[in-house]
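Down below is the structure, laid out as structure tokens.
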Amino acid sequence: MKLAGTRSWRFAVEVSDVLHLALRVRDGAGLAVPASDDVPPPLTDPPAPIALDVDQQAAGIEWHAWWRELVELECRRQLLRPDQVTESWGKVTRRLRAELTAAADPPRFAALQERPALQAAARAVRPSPRRWVDQQLQAARGGQDVIDWAVVNTAVHAVAAQTGAGVNALNGCALVLLVRGSWWQQIRPGVVLASVDAAADPPAADALVHAALHSSL
């Protein structure tokens with residue numbers, strides 16, 4: 001909530017269609033992605049596997065770099081606060097969304113032309129429309145908040161009390177993914193990746209919100 005003449009605390013919870021598009025490419029093409037803390041588990045509802053005549057290891061390395069670029073773009077978009085911009089808020093947010101969309105642009109994936117193995121894999125895997133993400137989220141949460149608002153609110157005020165920071169200085173986000181298991185990982189200051197199961201579990205959600213907010217200070 002933005003109050004006139006002030007700024008208020010902010011914690012964004014986003015289920016990104018673009019990040020899920022990338023995960024569908026990874027899982028559908030069976031790419032050999034290097035192990036890393038920022039690589040999520042498999043999707044809970046992956047696309048049918050496809051046979052591809054590409055170097056899966058090379059494509060996996062390219063995918064990891066692409067994934068980090070997409071996550072960084074989504075982080076910039078989610079962490080931006082209205083008090084940080086001098087332009088029209090709508091203009092800025094549309095530009096950030098356009099940058100993110102351009103980096104993952106089915107069906108041709110022109111942005112991946114310098115990553116030919118990954119581009120071939122991406123073109124072969126059916127893209128994920130927003131409706132697919134919405135359907136999977138509805139099945140997982142049944143219309144409930146992805147992270148319960150009371151959990152977020154309690155964590156925000158607890159972090160403010162623990163750190164002595166003004167509550168309105170707190171800003172963080174959780175990028176929630178439709179992947180298997182209860183998994184989450186802080187990936188940069190203010191940001192965590194989390195499975196939908198972790199986000200829905202109050203103790204895990206409390207821990208991940210705390211981690212994101214603490215790291216943002």
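In the structure tokens, chains take the letters A, B, ... in the order shown, each chain's residues start at 1, and ligands count up from 1 in the order shown.
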
Members of region 86-180 of chain A assigned helix (DSSP H, G or I) by DSSP, as a VMD selection string: chain A and resid 89 to 102 110 to 112 116 to 124 130 to 141 149 to 163 167 to 169

- request: Would you mind listing what lies within 6 Å of region 88-100 of chain A as a list in words, with only C-alpha atoms counted and same-chain residues fewer than 3 positions away left out?
  value: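 So, after excluding close chain neighbours, the residues are Leu73, Arg77 and Ala103 of chain A.
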
For region 139-194 of chain A against region 32-41 of chain A, with a cut-off of 9 Å and counting only C-alpha atoms, what is the closest atom pair and its distance in Å to one decimal for every residue that makes the cut, ordered by chain and number, as JSON lines?
{"residue": "A:Leu177", "atom": "CA", "partner": "A:Pro40", "partner_atom": "CA", "distance": 8.2}
{"residue": "A:Val179", "atom": "CA", "partner": "A:Pro41", "partner_atom": "CA", "distance": 5.8}
{"residue": "A:Arg180", "atom": "CA", "partner": "A:Pro41", "partner_atom": "CA", "distance": 5.9}
{"residue": "A:Gly181", "atom": "CA", "partner": "A:Pro41", "partner_atom": "CA", "distance": 7.7}
{"residue": "A:Trp183", "atom": "CA", "partner": "A:Pro41", "partner_atom": "CA", "distance": 7.9}
{"residue": "A:Trp184", "atom": "CA", "partner": "A:Pro40", "partner_atom": "CA", "distance": 8.3}
{"residue": "A:Gln185", "atom": "CA", "partner": "A:Asp38", "partner_atom": "CA", "distance": 6.8}
{"residue": "A:Gln186", "atom": "CA", "partner": "A:Asp38", "partner_atom": "CA", "distance": 8.2}
{"residue": "A:Ile187", "atom": "CA", "partner": "A:Asp38", "partner_atom": "CA", "distance": 6.4}
{"residue": "A:Leu193", "atom": "CA", "partner": "A:Asp38", "partner_atom": "CA", "distance": 7.6}
{"residue": "A:Ala194", "atom": "CA", "partner": "A:Pro40", "partner_atom": "CA", "distance": 8.2}

statement: As a check of understanding: the span from CA of Ala48 (chain A) to CA of Gly28 (chain A) is 6.0 Å

task: For region 205-215 of chain A, work out the shell of residues within 10 Å, counting only C-alpha atoms and skipping chain neighbours fewer than 4 positions away, then give it as an NGL selection string.
output: :A and (10-11 or 146-148 or 150-160 or 162-163 or 165 or 169-174 or 183-194 or 196-201)

message: Taking 6 positions as the minimum chain separation for residues in the same chain, which residues sit within 10 Å of Arg126 (chain A) when counting only C-alpha atoms? Answer as a ChimeraX atom specification.
response: /A:21,24-25,28,47-48,106-107

field: Interatomic distance, CA of Ala12 (chain A) to CA of Leu79 (chain A) (Å, one decimal)
entry: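 Atom-to-atom, CA of Ala12 (chain A) to CA of Leu79 (chain A), that is 7.5 Å.
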
message: Could you tell me how far CA of His20 (chain A) sits from CA of Leu43 (chain A), in Å to one decimal place?
response: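 Going from CA of Leu43 (chain A) over to CA of His20 (chain A) covers 8.5 Å.
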
task: Might you pull out every residue within 12 Å of Ala121 (chain A), with only C-alpha atoms counted and same-chain residues fewer than 3 positions away left off, and present them as a VMD selection string?
output: chain A and resid 22 to 32 49 to 60 62 to 63 106 to 109 112 to 113 115 to 118 124 to 127

task: Report as a PyMOL selection string: the residues of region 4-81 of chain A with a DSSP assignment of strand (DSSP E), based on the backbone of this structure.
output: chain A and resi 10-14

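Closest to Asp45 (chain A) among A:Gln136, A:Gln84, A:Ser8, A:Ser16 is A:Gln136, based on only C-alpha atoms.
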